[in-house]
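Engineer: Provided below: upload_23.pdb, containing PDB, C-alpha atoms, pLDDT in the B column.
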ATOM      1  CA  MET A 356     113.270  48.327   3.587  1.00 71.00           C
ATOM      2  CA  THR A 357     109.585  48.839   4.406  1.00 88.00           C
ATOM      3  CA  LYS A 358     109.222  49.963   7.987  1.00 94.00           C
ATOM      4  CA  THR A 359     106.523  48.601  10.295  1.00 96.00           C
ATOM      5  CA  ARG A 360     104.319  51.559  11.267  1.00 97.00           C
ATOM      6  CA  ILE A 361     103.522  51.398  14.982  1.00 98.00           C
ATOM      7  CA  LEU A 362     100.905  53.048  17.184  1.00 97.00           C
ATOM      8  CA  LEU A 363     102.066  53.236  20.805  1.00 97.00           C
ATOM      9  CA  ALA A 364      99.353  53.534  23.479  1.00 97.00           C
ATOM     10  CA  ASP A 365     100.158  54.065  27.167  1.00 96.00           C
ATOM     11  CA  ASP A 366      98.749  56.577  29.642  1.00 94.00           C
ATOM     12  CA  HIS A 367     102.229  57.457  30.931  1.00 93.00           C
ATOM     13  CA  ALA A 368     104.109  59.861  28.656  1.00 94.00           C
ATOM     14  CA  LEU A 369     107.491  58.797  30.082  1.00 93.00           C
ATOM     15  CA  VAL A 370     106.785  55.154  29.262  1.00 92.00           C
ATOM     16  CA  ARG A 371     105.764  56.085  25.708  1.00 94.00           C
ATOM     17  CA  ARG A 372     108.932  58.140  25.302  1.00 95.00           C
ATOM     18  CA  GLY A 373     111.157  55.294  26.497  1.00 94.00           C
ATOM     19  CA  LEU A 374     109.474  52.695  24.289  1.00 94.00           C
ATOM     20  CA  ARG A 375     109.570  55.059  21.320  1.00 95.00           C
ATOM     21  CA  LEU A 376     113.329  55.460  21.703  1.00 95.00           C
ATOM     22  CA  ILE A 377     113.743  51.675  21.645  1.00 94.00           C
ATOM     23  CA  LEU A 378     111.496  51.189  18.608  1.00 95.00           C
ATOM     24  CA  ASP A 379     112.650  54.164  16.527  1.00 96.00           C
ATOM     25  CA  ALA A 380     116.294  53.073  16.905  1.00 95.00           C
ATOM     26  CA  GLU A 381     115.530  50.022  14.738  1.00 94.00           C
ATOM     27  CA  PRO A 382     115.787  50.261  10.931  1.00 95.00           C
ATOM     28  CA  ASP A 383     112.595  48.242  10.333  1.00 95.00           C
ATOM     29  CA  LEU A 384     110.352  49.832  12.986  1.00 96.00           C
ATOM     30  CA  THR A 385     108.910  53.330  13.364  1.00 96.00           C
ATOM     31  CA  VAL A 386     106.383  54.865  15.748  1.00 97.00           C
ATOM     32  CA  VAL A 387     103.988  56.945  13.648  1.00 96.00           C
ATOM     33  CA  ALA A 388     101.334  57.702  16.293  1.00 96.00           C
ATOM     34  CA  GLU A 389     100.827  57.775  20.055  1.00 96.00           C
ATOM     35  CA  ALA A 390      97.761  57.539  22.281  1.00 96.00           C
ATOM     36  CA  ALA A 391      97.227  58.161  26.000  1.00 95.00           C
ATOM     37  CA  ASP A 392      94.257  55.814  26.397  1.00 95.00           C
ATOM     38  CA  GLY A 393      92.353  53.076  24.594  1.00 94.00           C
ATOM     39  CA  ALA A 394      89.761  55.398  23.078  1.00 94.00           C
ATOM     40  CA  GLU A 395      92.502  57.538  21.508  1.00 95.00           C
ATOM     41  CA  ALA A 396      94.149  54.385  20.155  1.00 96.00           C
ATOM     42  CA  VAL A 397      90.938  53.254  18.448  1.00 95.00           C
ATOM     43  CA  GLU A 398      90.537  56.687  16.848  1.00 94.00           C
ATOM     44  CA  ALA A 399      94.187  56.786  15.768  1.00 94.00           C
ATOM     45  CA  VAL A 400      93.886  53.455  13.965  1.00 94.00           C
ATOM     46  CA  ARG A 401      90.936  54.845  12.056  1.00 88.00           C
ATOM     47  CA  GLY A 402      92.815  57.964  11.009  1.00 79.00           C
ATOM     48  CA  ALA A 403      96.306  56.705  10.128  1.00 82.00           C
ATOM     49  CA  GLU A 404      98.147  53.973   8.254  1.00 91.00           C
ATOM     50  CA  ILE A 405      99.052  51.587  11.079  1.00 96.00           C
ATOM     51  CA  ASP A 406     100.543  48.082  10.833  1.00 96.00           C
ATOM     52  CA  LEU A 407     100.970  47.287  14.524  1.00 97.00           C
ATOM     53  CA  VAL A 408      99.399  48.582  17.736  1.00 98.00           C
ATOM     54  CA  VAL A 409     101.205  48.281  21.085  1.00 97.00           C
ATOM     55  CA  LEU A 410      98.634  48.717  23.879  1.00 97.00           C
ATOM     56  CA  ASP A 411      99.169  49.100  27.610  1.00 95.00           C
ATOM     57  CA  ILE A 412      96.670  46.732  29.203  1.00 91.00           C
ATOM     58  CA  ALA A 413      95.424  49.162  31.890  1.00 86.00           C
ATOM     59  CA  MET A 414      94.516  52.677  30.719  1.00 90.00           C
ATOM     60  CA  PRO A 415      91.809  55.205  31.664  1.00 84.00           C
ATOM     61  CA  ARG A 416      88.567  55.723  29.679  1.00 84.00           C
ATOM     62  CA  MET A 417      89.034  52.510  27.668  1.00 90.00           C
ATOM     63  CA  THR A 418      91.463  49.764  28.676  1.00 90.00           C
ATOM     64  CA  GLY A 419      93.949  48.173  26.325  1.00 93.00           C
ATOM     65  CA  LEU A 420      91.823  45.019  26.314  1.00 92.00           C
ATOM     66  CA  GLN A 421      88.702  46.927  25.295  1.00 93.00           C
ATOM     67  CA  ALA A 422      90.660  48.831  22.643  1.00 95.00           C
ATOM     68  CA  ALA A 423      92.131  45.578  21.297  1.00 94.00           C
ATOM     69  CA  ARG A 424      88.645  44.112  20.836  1.00 92.00           C
ATOM     70  CA  GLU A 425      87.461  47.232  19.037  1.00 93.00           C
ATOM     71  CA  ILE A 426      90.544  47.458  16.810  1.00 95.00           C
ATOM     72  CA  SER A 427      90.293  43.746  15.950  1.00 91.00           C
ATOM     73  CA  ARG A 428      86.692  44.322  14.897  1.00 90.00           C
ATOM     74  CA  ARG A 429      87.277  47.529  12.929  1.00 91.00           C
ATOM     75  CA  ALA A 430      90.710  46.805  11.450  1.00 91.00           C
ATOM     76  CA  PRO A 431      91.345  43.041  11.435  1.00 87.00           C
ATOM     77  CA  GLY A 432      94.548  43.473   9.398  1.00 89.00           C
ATOM     78  CA  VAL A 433      96.256  45.460  12.153  1.00 94.00           C
ATOM     79  CA  ARG A 434      98.442  43.380  14.493  1.00 94.00           C
ATOM     80  CA  ILE A 435      98.150  43.925  18.245  1.00 95.00           C
ATOM     81  CA  LEU A 436     100.606  43.521  21.126  1.00 96.00           C
ATOM     82  CA  MET A 437      99.685  43.976  24.775  1.00 94.00           C
ATOM     83  CA  LEU A 438     102.022  45.566  27.340  1.00 92.00           C
ATOM     84  CA  SER A 439     101.528  44.863  31.028  1.00 88.00           C
ATOM     85  CA  MET A 440     103.180  45.324  34.402  1.00 85.00           C
ATOM     86  CA  HIS A 441     101.464  42.123  35.531  1.00 79.00           C
ATOM     87  CA  ASP A 442     102.572  38.537  35.040  1.00 76.00           C
ATOM     88  CA  ASN A 443      98.915  37.583  35.329  1.00 73.00           C
ATOM     89  CA  GLU A 444      97.234  34.606  33.647  1.00 71.00           C
ATOM     90  CA  GLN A 445      93.801  36.263  33.609  1.00 76.00           C
ATOM     91  CA  TYR A 446      95.162  39.295  31.737  1.00 81.00           C
ATOM     92  CA  PHE A 447      97.089  37.031  29.386  1.00 80.00           C
ATOM     93  CA  PHE A 448      94.044  34.960  28.392  1.00 79.00           C
ATOM     94  CA  GLU A 449      91.875  38.078  28.085  1.00 84.00           C
ATOM     95  CA  ALA A 450      94.516  39.554  25.757  1.00 86.00           C
ATOM     96  CA  LEU A 451      94.415  36.482  23.514  1.00 83.00           C
ATOM     97  CA  ARG A 452      90.617  36.592  23.424  1.00 83.00           C
ATOM     98  CA  ALA A 453      90.737  40.292  22.564  1.00 88.00           C
ATOM     99  CA  GLY A 454      92.780  39.545  19.430  1.00 88.00           C
ATOM    100  CA  ALA A 455      96.343  40.229  20.590  1.00 91.00           C
ATOM    101  CA  SER A 456      99.129  38.157  19.078  1.00 87.00           C
ATOM    102  CA  GLY A 457     101.594  38.845  21.864  1.00 88.00           C
ATOM    103  CA  TYR A 458     101.892  39.812  25.539  1.00 89.00           C
ATOM    104  CA  VAL A 459     104.995  41.687  26.710  1.00 90.00           C
ATOM    105  CA  LEU A 460     105.891  42.428  30.337  1.00 88.00           C
ATOM    106  CA  LYS A 461     106.962  46.046  30.893  1.00 88.00           C
ATOM    107  CA  SER A 462     109.730  44.895  33.231  1.00 86.00           C
ATOM    108  CA  VAL A 463     111.538  43.287  30.282  1.00 85.00           C
ATOM    109  CA  ALA A 464     110.155  45.392  27.426  1.00 87.00           C
ATOM    110  CA  ASP A 465     113.620  46.649  26.527  1.00 85.00           C
ATOM    111  CA  ARG A 466     114.579  43.016  25.865  1.00 82.00           C
ATOM    112  CA  ASP A 467     111.363  41.516  24.463  1.00 89.00           C
ATOM    113  CA  LEU A 468     109.469  44.284  22.671  1.00 93.00           C
ATOM    114  CA  LEU A 469     111.526  44.326  19.471  1.00 93.00           C
ATOM    115  CA  GLU A 470     111.247  40.568  18.954  1.00 90.00           C
ATOM    116  CA  ALA A 471     107.541  40.703  19.821  1.00 92.00           C
ATOM    117  CA  CYS A 472     106.943  43.371  17.162  1.00 95.00           C
ATOM    118  CA  ARG A 473     108.770  41.370  14.512  1.00 93.00           C
ATOM    119  CA  ALA A 474     107.031  38.131  15.480  1.00 88.00           C
ATOM    120  CA  ALA A 475     103.626  39.826  15.256  1.00 90.00           C
ATOM    121  CA  MET A 476     104.403  41.134  11.777  1.00 91.00           C
ATOM    122  CA  ARG A 477     105.433  37.622  10.705  1.00 87.00           C
ATOM    123  CA  GLY A 478     102.042  36.422  11.896  1.00 83.00           C
ATOM    124  CA  GLU A 479     103.587  34.539  14.817  1.00 81.00           C
ATOM    125  CA  PRO A 480     102.571  34.728  18.488  1.00 80.00           C
ATOM    126  CA  PHE A 481     104.971  36.150  21.063  1.00 83.00           C
ATOM    127  CA  LEU A 482     104.708  34.666  24.546  1.00 75.00           C
ATOM    128  CA  TYR A 483     106.975  35.339  27.506  1.00 70.00           C
ATOM    129  CA  PRO A 484     107.993  32.140  29.382  1.00 67.00           C
ATOM    130  CA  GLY A 485     105.394  32.504  32.146  1.00 66.00           C
ATOM    131  CA  ALA A 486     102.610  32.950  29.598  1.00 65.00           C
ATOM    132  CA  LEU A 487     103.690  29.856  27.730  1.00 65.00           C
ATOM    133  CA  THR A 488     103.564  27.861  30.970  1.00 69.00           C
ATOM    134  CA  ALA A 489     100.071  29.210  31.682  1.00 65.00           C
ATOM    135  CA  LEU A 490      98.883  28.361  28.174  1.00 64.00           C
ATOM    136  CA  ILE A 491     100.143  24.778  28.403  1.00 69.00           C
ATOM    137  CA  ARG A 492      98.693  24.334  31.893  1.00 71.00           C
ATOM    138  CA  ASP A 493      95.318  25.671  30.742  1.00 67.00           C
ATOM    139  CA  TYR A 494      95.311  23.437  27.650  1.00 64.00           C
ATOM    140  CA  LEU A 495      96.075  20.356  29.736  1.00 69.00           C
ATOM    141  CA  HIS A 496      93.423  21.302  32.291  1.00 69.00           C
ATOM    142  CA  ARG A 497      90.769  21.771  29.607  1.00 66.00           C
ATOM    143  CA  ALA A 498      91.768  18.534  27.897  1.00 66.00           C
ATOM    144  CA  ARG A 499      91.399  16.704  31.209  1.00 73.00           C
ATOM    145  CA  LEU A 500      88.042  18.200  32.167  1.00 73.00           C
ATOM    146  CA  GLY A 501      86.595  18.933  28.739  1.00 69.00           C
ATOM    147  CA  GLU A 502      86.130  22.574  29.742  1.00 61.00           C
ATOM    148  CA  LYS A 503      86.376  25.686  27.579  1.00 54.00           C
ATOM    149  CA  LEU A 504      87.365  29.186  28.588  1.00 49.00           C
ATOM    150  CA  PRO A 505      84.132  31.152  28.938  1.00 50.00           C
ATOM    151  CA  GLU A 506      83.497  33.957  26.470  1.00 57.00           C
ATOM    152  CA  SER A 507      82.654  37.313  28.006  1.00 64.00           C
ATOM    153  CA  ILE A 508      78.946  37.480  28.695  1.00 68.00           C
ATOM    154  CA  LEU A 509      78.987  41.277  28.931  1.00 79.00           C
ATOM    155  CA  THR A 510      78.421  43.619  26.004  1.00 79.00           C
ATOM    156  CA  PRO A 511      81.104  46.262  25.239  1.00 83.00           C
ATOM    157  CA  ARG A 512      78.810  48.948  26.733  1.00 87.00           C
ATOM    158  CA  GLU A 513      78.362  46.902  29.917  1.00 87.00           C
ATOM    159  CA  GLU A 514      82.155  46.546  30.184  1.00 88.00           C
ATOM    160  CA  GLU A 515      82.458  50.333  29.909  1.00 90.00           C
ATOM    161  CA  ILE A 516      79.909  50.733  32.708  1.00 92.00           C
ATOM    162  CA  ILE A 517      81.547  48.179  35.009  1.00 91.00           C
ATOM    163  CA  LYS A 518      84.980  49.763  34.478  1.00 91.00           C
ATOM    164  CA  LEU A 519      83.634  53.202  35.409  1.00 93.00           C
ATOM    165  CA  ILE A 520      81.805  51.800  38.440  1.00 91.00           C
ATOM    166  CA  ALA A 521      84.985  50.053  39.615  1.00 89.00           C
ATOM    167  CA  GLU A 522      86.910  53.326  39.230  1.00 89.00           C
ATOM    168  CA  GLY A 523      84.543  54.893  41.772  1.00 89.00           C
ATOM    169  CA  ASN A 524      82.323  56.974  39.479  1.00 91.00           C
ATOM    170  CA  THR A 525      78.730  57.747  40.486  1.00 91.00           C
ATOM    171  CA  ALA A 526      75.798  56.964  38.185  1.00 92.00           C
ATOM    172  CA  LYS A 527      75.586  60.676  37.322  1.00 93.00           C
ATOM    173  CA  GLU A 528      79.302  60.838  36.423  1.00 93.00           C
ATOM    174  CA  ILE A 529      79.016  57.682  34.301  1.00 93.00           C
ATOM    175  CA  ALA A 530      75.963  59.117  32.504  1.00 93.00           C
ATOM    176  CA  GLU A 531      77.902  62.313  31.713  1.00 93.00           C
ATOM    177  CA  ALA A 532      80.999  60.410  30.541  1.00 92.00           C
ATOM    178  CA  LEU A 533      79.030  58.138  28.195  1.00 91.00           C
ATOM    179  CA  VAL A 534      76.414  60.744  27.215  1.00 91.00           C
ATOM    180  CA  ILE A 535      73.494  58.605  28.368  1.00 91.00           C
ATOM    181  CA  SER A 536      70.814  59.086  31.042  1.00 90.00           C
ATOM    182  CA  VAL A 537      71.238  58.116  34.695  1.00 90.00           C
ATOM    183  CA  LYS A 538      68.250  55.788  34.245  1.00 89.00           C
ATOM    184  CA  THR A 539      70.102  53.980  31.433  1.00 90.00           C
ATOM    185  CA  VAL A 540      73.184  53.609  33.652  1.00 91.00           C
ATOM    186  CA  ASP A 541      71.022  52.123  36.423  1.00 89.00           C
ATOM    187  CA  ARG A 542      69.452  49.689  33.953  1.00 86.00           C
ATOM    188  CA  HIS A 543      72.868  48.580  32.672  1.00 88.00           C
ATOM    189  CA  ARG A 544      74.083  48.139  36.262  1.00 89.00           C
ATOM    190  CA  ALA A 545      71.086  45.975  37.123  1.00 86.00           C
ATOM    191  CA  ASN A 546      71.628  43.853  33.995  1.00 82.00           C
ATOM    192  CA  ILE A 547      75.335  43.406  34.815  1.00 86.00           C
ATOM    193  CA  LEU A 548      74.596  42.328  38.392  1.00 84.00           C
ATOM    194  CA  GLN A 549      72.006  39.847  37.147  1.00 79.00           C
ATOM    195  CA  LYS A 550      74.274  38.403  34.432  1.00 76.00           C
ATOM    196  CA  LEU A 551      77.207  37.966  36.792  1.00 78.00           C
ATOM    197  CA  GLY A 552      75.153  36.840  39.773  1.00 75.00           C
ATOM    198  CA  MET A 553      76.562  39.649  41.911  1.00 79.00           C
ATOM    199  CA  ARG A 554      75.077  41.960  44.517  1.00 80.00           C
ATOM    200  CA  ASP A 555      76.932  45.263  44.783  1.00 82.00           C
ATOM    201  CA  ARG A 556      79.741  47.618  43.733  1.00 84.00           C
ATOM    202  CA  ILE A 557      82.347  45.639  45.700  1.00 83.00           C
ATOM    203  CA  ASP A 558      81.533  42.453  43.744  1.00 82.00           C
ATOM    204  CA  LEU A 559      81.654  44.408  40.475  1.00 86.00           C
ATOM    205  CA  THR A 560      85.029  45.940  41.382  1.00 86.00           C
ATOM    206  CA  ARG A 561      86.497  42.512  42.140  1.00 83.00           C
ATOM    207  CA  TYR A 562      85.193  41.230  38.805  1.00 85.00           C
ATOM    208  CA  ALA A 563      86.633  44.261  36.956  1.00 86.00           C
ATOM    209  CA  ILE A 564      90.074  43.571  38.456  1.00 84.00           C
ATOM    210  CA  ARG A 565      89.952  39.857  37.545  1.00 80.00           C
ATOM    211  CA  ALA A 566      88.817  40.670  33.990  1.00 81.00           C
ATOM    212  CA  GLY A 567      91.626  43.216  33.498  1.00 82.00           C
ATOM    213  CA  LEU A 568      89.265  46.192  33.181  1.00 85.00           C
ATOM    214  CA  VAL A 569      91.011  48.033  36.033  1.00 83.00           C
ATOM    215  CA  GLU A 570      94.273  47.559  37.902  1.00 77.00           C
ATOM    216  CA  PRO A 571      94.229  46.241  41.473  1.00 67.00           C
TER     217      PRO A 571
END
Please rewrite the model in this file as structure tokens.

Structural biologist:
Amino acid sequence: MTKTRILLADDHALVRRGLRLILDAEPDLTVVAEAADGAEAVEAVRGAEIDLVVLDIAMPRMTGLQAAREISRRAPGVRILMLSMHDNEQYFFEALRAGASGYVLKSVADRDLLEACRAAMRGEPFLYPGALTALIRDYLHRARLGEKLPESILTPREEEIIKLIAEGNTAKEIAEALVISVKTVDRHRANILQKLGMRDRIDLTRYAIRAGLVEP
């Protein structure tokens, strides 16, 4: 039997250990790599033979959502599942837009994760009951009003900046983290505020929470 090779990404080592025990106990699944944040996950996919990535939705440096977008772009053949503590429609829709084929709640991961992994490898979506309800409600709403879910209007770099701002970093700290100048950070911040029609850090933090870039 060919085993599905899994990359497990979560910033909590205990969570990774628990999920690894569940996955490695199965004859058709094996965890071949781990990552503590989204940036590590993106690098790991580049350097190893991976079939499936399981990403925690909220991680430092680069969130699971940001990592999912990057992995989908760089390695479109790799399947992606999102893990979250939050039964949150915004996170769920962002996960679908980012390229994930399933969304698993951590509270029931011991029950749902195995089936989600197998569904993803069959090319099928995995949706927990609340997500399915949200998807149907959204479809009906859009059909009624003729509306579409808006695509993100921010570039990946701008999302990095807004995440770091929302986490409380100063312009100098952001510049050091991203290896860019403070002036460039200020320019990005001004562009973000203009694009989103917002005024200050508080508005940006609220947006970052709604978009799943940081946890409330």

Engineer: For the file shown, what are the residues hit by the PyMOL selection byres ((chain A and resi 518-527) around 9), laid out as JSON, numbers by chain?

Structural biologist: {"A": [416, 417, 418, 513, 514, 515, 516, 517, 528, 529, 530, 531, 532, 536, 537, 538, 540, 541, 544, 556, 557, 559, 560, 561, 562, 563, 564, 568, 569]}

Engineer: Take the PyMOL selection byres ((chain A and resi 470) around 12), apply it to the structure above, and return the hits as number ranges by chain.

Structural biologist: A: 377-378, 381, 383-384, 436, 457-459, 463-469, 471-477, 479-483

Engineer: Store the residues picked out above in a file with C-alpha atoms, as a PDB file, in the coordinates of the input.

Structural biologist:
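Below you can see result_26.pdb, which holds the result:
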ATOM      1  CA  ILE A 377     113.743  51.675  21.645  1.00 94.00           C
ATOM      2  CA  LEU A 378     111.496  51.189  18.608  1.00 95.00           C
ATOM      3  CA  GLU A 381     115.530  50.022  14.738  1.00 94.00           C
ATOM      4  CA  ASP A 383     112.595  48.242  10.333  1.00 95.00           C
ATOM      5  CA  LEU A 384     110.352  49.832  12.986  1.00 96.00           C
ATOM      6  CA  LEU A 436     100.606  43.521  21.126  1.00 96.00           C
ATOM      7  CA  GLY A 457     101.594  38.845  21.864  1.00 88.00           C
ATOM      8  CA  TYR A 458     101.892  39.812  25.539  1.00 89.00           C
ATOM      9  CA  VAL A 459     104.995  41.687  26.710  1.00 90.00           C
ATOM     10  CA  VAL A 463     111.538  43.287  30.282  1.00 85.00           C
ATOM     11  CA  ALA A 464     110.155  45.392  27.426  1.00 87.00           C
ATOM     12  CA  ASP A 465     113.620  46.649  26.527  1.00 85.00           C
ATOM     13  CA  ARG A 466     114.579  43.016  25.865  1.00 82.00           C
ATOM     14  CA  ASP A 467     111.363  41.516  24.463  1.00 89.00           C
ATOM     15  CA  LEU A 468     109.469  44.284  22.671  1.00 93.00           C
ATOM     16  CA  LEU A 469     111.526  44.326  19.471  1.00 93.00           C
ATOM     17  CA  ALA A 471     107.541  40.703  19.821  1.00 92.00           C
ATOM     18  CA  CYS A 472     106.943  43.371  17.162  1.00 95.00           C
ATOM     19  CA  ARG A 473     108.770  41.370  14.512  1.00 93.00           C
ATOM     20  CA  ALA A 474     107.031  38.131  15.480  1.00 88.00           C
ATOM     21  CA  ALA A 475     103.626  39.826  15.256  1.00 90.00           C
ATOM     22  CA  MET A 476     104.403  41.134  11.777  1.00 91.00           C
ATOM     23  CA  ARG A 477     105.433  37.622  10.705  1.00 87.00           C
ATOM     24  CA  GLU A 479     103.587  34.539  14.817  1.00 81.00           C
ATOM     25  CA  PRO A 480     102.571  34.728  18.488  1.00 80.00           C
ATOM     26  CA  PHE A 481     104.971  36.150  21.063  1.00 83.00           C
ATOM     27  CA  LEU A 482     104.708  34.666  24.546  1.00 75.00           C
ATOM     28  CA  TYR A 483     106.975  35.339  27.506  1.00 70.00           C
TER      29      TYR A 483
END

Engineer: For Val409 (chain A), list every protein, DNA or RNA residue within 7 Å, evaluated using all atoms listed in the file, and leave out those in the same chain fewer than 3 positions away; present the list as a CSV table (one decimal) with C-alpha atoms, keeping the file's coordinate frame.

Structural biologist:
chain,number,residue,atom,x,y,z
A,362,LEU,CA,100.9,53.0,17.2
A,363,LEU,CA,102.1,53.2,20.8
A,364,ALA,CA,99.4,53.5,23.5
A,435,ILE,CA,98.2,43.9,18.2
A,436,LEU,CA,100.6,43.5,21.1
A,437,MET,CA,99.7,44.0,24.8
A,438,LEU,CA,102.0,45.6,27.3

Engineer: Hey, which of A:Glu449, A:Glu398, A:Glu404, A:Asp442 ends up closest to Glu425 (chain A)? Count all atoms listed in the file.

Structural biologist: A:Glu398

Engineer: Work out how far CA of Gly419 (chain A) is from CA of Ser439 (chain A), in Å to one decimal.

Structural biologist: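 Going from CA of Ser439 (chain A) over to CA of Gly419 (chain A), I get 9.5 Å.
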
Engineer: When you count all atoms listed in the file, which of these residues is closest to Arg565 (chain A): A:Asn443, A:Ser462, A:Asn546, A:Thr510?

Structural biologist: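 Looking at the shortest contact to Arg565 (chain A), the residue is A:Asn443.
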
Engineer: Counting only C-alpha atoms, which of A:Val408, A:Leu376, A:Leu460, A:Ala399 gets nearest to Phe447 (chain A)?

Structural biologist: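 With only C-alpha atoms as the atom set, the closest residue is A:Leu460.
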
Engineer: To one decimal place, how far is CA of Asp365 (chain A) from CA of Ala391 (chain A) in Å?

Structural biologist: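 Calculated distance between CA of Asp365 (chain A) and CA of Ala391 (chain A) is 5.2 Å.
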
Engineer: Would you mind reading off the distance between CA of Ala453 (chain A) and CA of Gly432 (chain A), one decimal, in Å?

Structural biologist: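 Going from CA of Ala453 (chain A) over to CA of Gly432 (chain A) covers 14.1 Å.
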
Engineer: Counting all atoms listed in the file, which residue out of A:Arg428, A:Arg499, A:Arg542, A:Arg492 sits closest to Arg401 (chain A)?

Structural biologist: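 Looking only at the distances to Arg401 (chain A), the closest residue turns out to be A:Arg428.
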
Engineer: Starting from the PyMOL selection byres ((chain A and resi 392) around 6), expand the selection into actual residues of this file and give them as a list in words.

Structural biologist: Asp366, Ala390, Ala391, Gly393, Ala394, Glu395, Met414 and Pro415 of chain A

Engineer: Go ahead and save the residues from that selection, with C-alpha atoms, as a CSV table (one decimal), keeping the file's coordinate frame.

Structural biologist:
chain,number,residue,atom,x,y,z
A,366,ASP,CA,98.7,56.6,29.6
A,390,ALA,CA,97.8,57.5,22.3
A,391,ALA,CA,97.2,58.2,26.0
A,393,GLY,CA,92.4,53.1,24.6
A,394,ALA,CA,89.8,55.4,23.1
A,395,GLU,CA,92.5,57.5,21.5
A,414,MET,CA,94.5,52.7,30.7
A,415,PRO,CA,91.8,55.2,31.7

Engineer: Need the shell around Thr385 (chain A): protein/DNA/RNA residues with any atom at most 6 Å away, counting all atoms listed in the file. Skip same-chain ones fewer than 2 positions apart. Format as a VMD selection string?

Structural biologist: chain A and resid 360 to 361 379

Engineer: Since the input has fewer atoms than a full residue there, write region 398-416 of chain A out with N, CA and C atoms, as a PDB file, in the coordinates of the input.

Structural biologist:
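Output file rebuild_0.pdb follows:
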ATOM      1  N   GLU A 398      90.689  55.579  17.802  1.00 94.00           N
ATOM      2  CA  GLU A 398      90.537  56.687  16.848  1.00 94.00           C
ATOM      3  C   GLU A 398      91.769  56.820  15.961  1.00 94.00           C
ATOM      4  N   ALA A 399      92.945  56.640  16.538  1.00 94.00           N
ATOM      5  CA  ALA A 399      94.187  56.786  15.768  1.00 94.00           C
ATOM      6  C   ALA A 399      94.293  55.733  14.672  1.00 94.00           C
ATOM      7  N   VAL A 400      93.853  54.520  14.980  1.00 94.00           N
ATOM      8  CA  VAL A 400      93.886  53.455  13.965  1.00 94.00           C
ATOM      9  C   VAL A 400      92.977  53.812  12.794  1.00 94.00           C
ATOM     10  N   ARG A 401      91.866  54.455  13.110  1.00 88.00           N
ATOM     11  CA  ARG A 401      90.936  54.845  12.056  1.00 88.00           C
ATOM     12  C   ARG A 401      91.527  55.931  11.163  1.00 88.00           C
ATOM     13  N   GLY A 402      92.361  56.802  11.756  1.00 79.00           N
ATOM     14  CA  GLY A 402      92.815  57.964  11.009  1.00 79.00           C
ATOM     15  C   GLY A 402      94.212  57.882  10.435  1.00 79.00           C
ATOM     16  N   ALA A 403      94.920  56.781  10.609  1.00 82.00           N
ATOM     17  CA  ALA A 403      96.306  56.705  10.128  1.00 82.00           C
ATOM     18  C   ALA A 403      96.602  55.326   9.548  1.00 82.00           C
ATOM     19  N   GLU A 404      97.696  55.250   8.797  1.00 91.00           N
ATOM     20  CA  GLU A 404      98.147  53.973   8.254  1.00 91.00           C
ATOM     21  C   GLU A 404      98.984  53.278   9.322  1.00 91.00           C
ATOM     22  N   ILE A 405      98.403  52.278   9.968  1.00 96.00           N
ATOM     23  CA  ILE A 405      99.052  51.587  11.079  1.00 96.00           C
ATOM     24  C   ILE A 405      99.172  50.097  10.748  1.00 96.00           C
ATOM     25  N   ASP A 406     100.346  49.528  11.010  1.00 96.00           N
ATOM     26  CA  ASP A 406     100.543  48.082  10.833  1.00 96.00           C
ATOM     27  C   ASP A 406     100.424  47.321  12.153  1.00 96.00           C
ATOM     28  N   LEU A 407     100.863  47.962  13.233  1.00 97.00           N
ATOM     29  CA  LEU A 407     100.970  47.287  14.524  1.00 97.00           C
ATOM     30  C   LEU A 407     100.603  48.253  15.643  1.00 97.00           C
ATOM     31  N   VAL A 408      99.775  47.777  16.575  1.00 98.00           N
ATOM     32  CA  VAL A 408      99.399  48.582  17.736  1.00 98.00           C
ATOM     33  C   VAL A 408      99.982  47.936  18.993  1.00 98.00           C
ATOM     34  N   VAL A 409     100.680  48.740  19.798  1.00 97.00           N
ATOM     35  CA  VAL A 409     101.205  48.281  21.085  1.00 97.00           C
ATOM     36  C   VAL A 409     100.378  48.967  22.166  1.00 97.00           C
ATOM     37  N   LEU A 410      99.601  48.178  22.921  1.00 97.00           N
ATOM     38  CA  LEU A 410      98.634  48.717  23.879  1.00 97.00           C
ATOM     39  C   LEU A 410      98.999  48.357  25.314  1.00 97.00           C
ATOM     40  N   ASP A 411      99.082  49.377  26.173  1.00 95.00           N
ATOM     41  CA  ASP A 411      99.169  49.100  27.610  1.00 95.00           C
ATOM     42  C   ASP A 411      97.838  48.481  28.036  1.00 95.00           C
ATOM     43  N   ILE A 412      97.882  47.478  28.878  1.00 91.00           N
ATOM     44  CA  ILE A 412      96.670  46.732  29.203  1.00 91.00           C
ATOM     45  C   ILE A 412      95.719  47.524  30.103  1.00 91.00           C
ATOM     46  N   ALA A 413      96.262  48.417  30.946  1.00 86.00           N
ATOM     47  CA  ALA A 413      95.424  49.162  31.890  1.00 86.00           C
ATOM     48  C   ALA A 413      95.555  50.659  31.635  1.00 86.00           C
ATOM     49  N   MET A 414      94.525  51.242  31.013  1.00 90.00           N
ATOM     50  CA  MET A 414      94.516  52.677  30.719  1.00 90.00           C
ATOM     51  C   MET A 414      93.163  53.259  31.099  1.00 90.00           C
ATOM     52  N   PRO A 415      93.097  54.583  31.337  1.00 84.00           N
ATOM     53  CA  PRO A 415      91.809  55.205  31.664  1.00 84.00           C
ATOM     54  C   PRO A 415      90.884  55.270  30.444  1.00 84.00           C
ATOM     55  N   ARG A 416      89.624  55.605  30.696  1.00 84.00           N
ATOM     56  CA  ARG A 416      88.567  55.723  29.679  1.00 84.00           C
ATOM     57  C   ARG A 416      88.248  54.389  29.021  1.00 84.00           C
TER      58      ARG A 416
END
